[in-house]
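Visitor: Just passing along the structure, written as structure tokens.
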Amino acid sequence: MNDRRLPALTGLRGLAALWVLVFHAWALSGAAGAGLPAPMTALLGAGWLGVDVFFVLSGFLLARGLGDELADGERRPDWPAFALMRVARILPAYYLQLAVFALPASAIVLTPAIAWAPASVGETLAHLGLWFNAWPWMPAHLGPWWSLPVEAGFYAALPLLWWAWGASRRMLCLLLATAILAVAWRFAMHDVAGIEQRIAWSEHLPGRMVQFVAGMALAWWTVRGEREGRCRDTRELPAEEPWRLPADALALLAFALLVLLPQLGGDRAYVGIIDARPWTWFWPLLTAAPVAVLLLALVRGPQGRVARVLGSAPLVALGTVSFGLYLWHYPVQWALRAALGGYVPPTWGLAGYVVASLLVSLAVAALSWWAIERPVLAAARRWRERRRVKLRAP
């Protein structure tokens with residue numbers, strides 16, 4: 001999106017990255033078996049759902065941004081410029097991390113478990129091309145990287161999905177088709193013998209596309225509503241915006257539902273491993289719904305308390321560096337735990353481990369943003385604007 005983007009959505013992206021960080025800290029510190037109160041365990045144990053928030057939010061923001069281009073007079077999206085912006089968003093920061101992990105010193109500073117020494121040309125090419133956790137089987141060197149090829153796959157597929165933009169019926173058909181694809185894909189994967197392959201393959205793009213499309217559909221219907229007379233610029237909203245209280249309640253209810261979803265399994269809480277229970281085949285649909293409701297509440301209630309908190313300066317800053325935070329928090333947590341002797345001492349506890357890993361991860365993420373991501377994105381934007389001027393010239 002352009003300057004009409006709600007800051008609350010940037011803050012939400014930062015909060016989602018923080019949720020993933022806290023989840024990994026909870027798992028690596030041993031606090032998962034520490035007998036914490038049930039509400040706290042549910043909140044911490046569901047932190048991996050921050051990635052689900054990323055996917056739906058990504059579909060919403062990208063579709064909304066392209067839709068705004070059309071509203072500004074463009075005849076069609078500039079797909080080459082779109083591709084360049086997506087490449088600039090992901091690859092420089094990711095390649096920087098790969099290069100750091102490949103340095104011999106990383107085995108000393110970050111522990112041997114994080115250092116990357118590819119065993120073959122195929123492994124090198126797979127990681128450079130984001131072709132891992134697919135077929136032929138090549139696991140990602142770092143766990144959180146599993147989401148990168150899923151996100152990149154949506155970028156590549158978006159020009160093919162764009163036929164649905166512009167008509168509610170087409171968008172509904174696309175949403176239904178990707179929902180059926182997700183269920184069918186996960187059903188086909190649920191009895192794969194190798195647990196690593198079952199997890200990785202079930203979470204690949206066919207099983208996750210519906211979440212991106214749910215974001216696209218929400219973008220289309222909110223844009224359509226704005227065209228029918230709703231205020232588009234938050235500065236034009238009346239002082240007593242009638243959506244204020246309902247939007248707050250809706251946002252909190254949607255988030256609570258998202259947190260509680262893994263508990264559908266009761267004693268066998270869902271932890272990302274599909275099995276013979278049919279509801280696990282529907283997981284991407286189950287998570288897309290509350291995330292979409294949360295986004296709707298933020299878009300329709302931009303002056304509500306929840307939106308104002310998410311749009312606060314600290315969370316917006318966190319959202320700005322969220323990609324670097326997502327990339328770096330996990331190796332930082334591993335390195336920190338190794339420096340502590342291979343475990344988190346009781347004197348630190350979960351809180352100390354979270355704070356320490358967050359501070360170090362934020363420092364690295366900020367460095368990545370200012371040194372790599374920001375200048376590369378700025379250069380890509382300048383190229384896009386020059387291209388736009390040329391295309392508009394007679």
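A note on labels: chains of the structure tokens are A, B, ... as shown, every chain counts residues from 1, and ligands are counted from 1 in their shown order.
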Show me, as number ranges by chain, the residues that have an atom within 8 Å of segment 159-168 of chain A when counting only C-alpha atoms, minus same-chain residues fewer than 3 positions from it.
Guide: A: 79, 155-156, 171-172, 174, 220-221
Visitor: Take the residues from that selection and write them out as a tab-separated table (two decimals), in the first residue's frame, keeping C-alpha atoms.
Guide:
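The resulting file, result.tsv, is shown below:
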```tsv
chain	number	residue	atom	x	y	z
A	79	TRP	CA	4.25	-6.59	-12.92
A	155	TYR	CA	4.49	-13.26	-5.34
A	156	ALA	CA	5.09	-15.34	-8.47
A	171	MET	CA	-12.92	-13.25	-6.07
A	172	LEU	CA	-15.35	-15.55	-4.30
A	174	LEU	CA	-10.90	-17.87	-6.36
A	220	TRP	CA	-11.12	-6.17	-2.71
A	221	TRP	CA	-14.22	-5.93	-0.54
```
Visitor: Which residues are near Ala179 of chain A? Cut-off 10 Å, only C-alpha atoms, ignore same chain within fewer than 5 positions. Put them as a PDB file with N, CA and C atoms, in the first residue's frame.
Guide:
```pdb
ATOM      1  N   CYS A 173     -15.025 -17.022  -6.205  1.00  0.00           N
ATOM      2  CA  CYS A 173     -14.652 -18.292  -6.855  1.00  0.00           C
ATOM      3  C   CYS A 173     -13.189 -18.642  -6.578  1.00  0.00           C
ATOM      4  N   LEU A 174     -12.310 -17.627  -6.636  1.00  0.00           N
ATOM      5  CA  LEU A 174     -10.896 -17.874  -6.356  1.00  0.00           C
ATOM      6  C   LEU A 174     -10.699 -18.300  -4.912  1.00  0.00           C
ATOM      7  N   ALA A 184      -7.618 -30.375   0.080  1.00  0.00           N
ATOM      8  CA  ALA A 184      -7.197 -31.550  -0.686  1.00  0.00           C
ATOM      9  C   ALA A 184      -5.699 -31.807  -0.532  1.00  0.00           C
ATOM     10  N   TRP A 185      -4.913 -30.737  -0.575  1.00  0.00           N
ATOM     11  CA  TRP A 185      -3.453 -30.870  -0.446  1.00  0.00           C
ATOM     12  C   TRP A 185      -3.080 -31.438   0.918  1.00  0.00           C
ATOM     13  N   PRO A 206       0.559 -24.749  -1.968  1.00  0.00           N
ATOM     14  CA  PRO A 206      -0.818 -25.216  -2.219  1.00  0.00           C
ATOM     15  C   PRO A 206      -1.669 -25.272  -0.958  1.00  0.00           C
ATOM     16  N   GLY A 207      -1.040 -25.589   0.173  1.00  0.00           N
ATOM     17  CA  GLY A 207      -1.781 -25.643   1.417  1.00  0.00           C
ATOM     18  C   GLY A 207      -1.953 -24.300   2.091  1.00  0.00           C
ATOM     19  N   ARG A 208      -1.238 -23.293   1.651  1.00  0.00           N
ATOM     20  CA  ARG A 208      -1.268 -21.976   2.287  1.00  0.00           C
ATOM     21  C   ARG A 208      -1.835 -20.878   1.401  1.00  0.00           C
ATOM     22  N   MET A 209      -2.006 -21.143   0.120  1.00  0.00           N
ATOM     23  CA  MET A 209      -2.455 -20.111  -0.810  1.00  0.00           C
ATOM     24  C   MET A 209      -3.762 -19.460  -0.353  1.00  0.00           C
ATOM     25  N   VAL A 210      -4.641 -20.223   0.261  1.00  0.00           N
ATOM     26  CA  VAL A 210      -5.939 -19.685   0.666  1.00  0.00           C
ATOM     27  C   VAL A 210      -5.773 -18.530   1.645  1.00  0.00           C
ATOM     28  N   GLN A 211      -4.710 -18.535   2.452  1.00  0.00           N
ATOM     29  CA  GLN A 211      -4.525 -17.434   3.397  1.00  0.00           C
ATOM     30  C   GLN A 211      -4.181 -16.138   2.667  1.00  0.00           C
ATOM     31  N   VAL A 213      -4.994 -15.487  -0.424  1.00  0.00           N
ATOM     32  CA  VAL A 213      -6.186 -15.109  -1.189  1.00  0.00           C
ATOM     33  C   VAL A 213      -7.252 -14.527  -0.264  1.00  0.00           C
ATOM     34  N   ALA A 214      -7.318 -15.009   0.971  1.00  0.00           N
ATOM     35  CA  ALA A 214      -8.248 -14.409   1.937  1.00  0.00           C
ATOM     36  C   ALA A 214      -7.896 -12.942   2.156  1.00  0.00           C
ATOM     37  N   PHE A 282      -8.198 -28.606   7.537  1.00  0.00           N
ATOM     38  CA  PHE A 282      -8.805 -27.294   7.296  1.00  0.00           C
ATOM     39  C   PHE A 282      -8.042 -26.167   7.992  1.00  0.00           C
ATOM     40  N   PRO A 284      -5.438 -24.026   7.526  1.00  0.00           N
ATOM     41  CA  PRO A 284      -5.236 -22.690   6.942  1.00  0.00           C
ATOM     42  C   PRO A 284      -6.530 -21.895   6.824  1.00  0.00           C
ATOM     43  N   LEU A 285      -7.646 -22.586   6.598  1.00  0.00           N
ATOM     44  CA  LEU A 285      -8.932 -21.887   6.532  1.00  0.00           C
ATOM     45  C   LEU A 285      -9.331 -21.397   7.912  1.00  0.00           C
TER      46      LEU A 285
END
```
Visitor: Do a neighbour search on segment 48-50 of chain A at 10 Å with only C-alpha atoms, toss out local chain neighbours closer than 6 positions, and write the hits as JSON, numbers by chain.
Guide: {"A": [12, 13, 14, 15, 16, 17, 18, 19, 20, 21, 22, 23, 24, 144, 258, 259, 261, 262, 271, 272, 287, 291]}
Visitor: I need the chosen residues saved as a compact mmCIF listing (two decimals), in the first residue's frame, with C-alpha atoms.
Guide:
```txt
# COMPACT_ATOMS: atom_id res chain seq x y z
CA LEU A 12 0.45 -5.68 13.58
CA ARG A 13 3.29 -7.03 11.44
CA GLY A 14 5.74 -6.10 14.20
CA LEU A 15 3.57 -7.72 16.85
CA ALA A 16 3.34 -10.91 14.77
CA ALA A 17 7.15 -11.05 14.49
CA LEU A 18 7.43 -10.50 18.24
CA TRP A 19 4.92 -13.30 18.86
CA VAL A 20 7.05 -15.71 16.82
CA LEU A 21 10.17 -14.61 18.73
CA VAL A 22 8.50 -15.20 22.09
CA PHE A 23 7.25 -18.61 20.93
CA HIS A 24 10.74 -19.75 19.99
CA PRO A 144 12.07 -20.14 10.05
CA LEU A 258 -6.74 -17.33 16.92
CA VAL A 259 -4.90 -18.08 20.18
CA LEU A 261 -7.54 -22.54 17.79
CA PRO A 262 -4.68 -24.97 18.55
CA VAL A 271 1.29 -28.04 16.89
CA GLY A 272 1.53 -27.93 13.10
CA THR A 287 -6.68 -19.43 10.89
CA VAL A 291 -6.91 -12.95 10.98
```
Visitor: Nearest to Ala119 of chain A: which of A:Val293, A:Met138, A:Leu205, A:Ala371 is it, counting only C-alpha atoms?
Guide: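 Going through A:Val293, A:Met138, A:Leu205, A:Ala371 one by one, the smallest distance to Ala119 of chain A is for A:Met138.
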Visitor: Check the DSSP output for the backbone and give back, as a PyMOL selection string, the residues of segment 37-209 of chain A in alpha helix (DSSP H).
Guide: chain A and resi 38-45+50-71+79-102+106-109+121-128+147-161+168-189+195-202+205-209
Visitor: Between atom CA of Leu325 of chain A and atom CA of Arg337 of chain A, what is the spacing in Å?
Guide: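 Atom CA of Leu325 of chain A lies 17.6 Å from atom CA of Arg337 of chain A.
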Visitor: My list of candidates is A:Val306, A:Leu295, A:Val360, A:Ala380. Which is closest to Val53 of chain A when distances are computed with only C-alpha atoms?
Guide: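 Among A:Val306, A:Leu295, A:Val360, A:Ala380, it is A:Leu295 that comes nearest to Val53 of chain A.
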Visitor: Ranking A:Leu36, A:Ala46, A:Pro7, A:Leu391 by minimum distance to Leu257 of chain A and counting only C-alpha atoms, which one comes first?
Guide: A:Ala46
Visitor: Which value, in Å to one decimal, gives the distance between atom CA of Glu123 of chain A and atom CA of Ile90 of chain A?
Guide: 19.2 Å
Visitor: Nearest residue to Ala107 of chain A out of A:Gly352, A:Pro345, A:Pro331, A:Gly324, using only C-alpha atoms?
Guide: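 Among the listed residues, the smallest separation from Ala107 of chain A belongs to A:Pro331.
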Visitor: Select, from A:Gly65, A:Gly349, A:Gly311, A:Pro77, the residue with the minimum atom-to-atom distance to Arg388 of chain A, counting only C-alpha atoms.
Guide: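 Closest to Arg388 of chain A, using only C-alpha atoms: A:Pro77.
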Visitor: Do you have the atom CA of Ala88 of chain A-atom CA of Ser368 of chain A distance handy?
Guide: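 So the answer is 13.0 Å.
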Visitor: From the list A:Ala193, A:Ala115, A:Leu250, A:Leu130, which residue is nearest Val100 of chain A when using only C-alpha atoms?
Guide: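 The closest residue to Val100 of chain A is A:Ala115.
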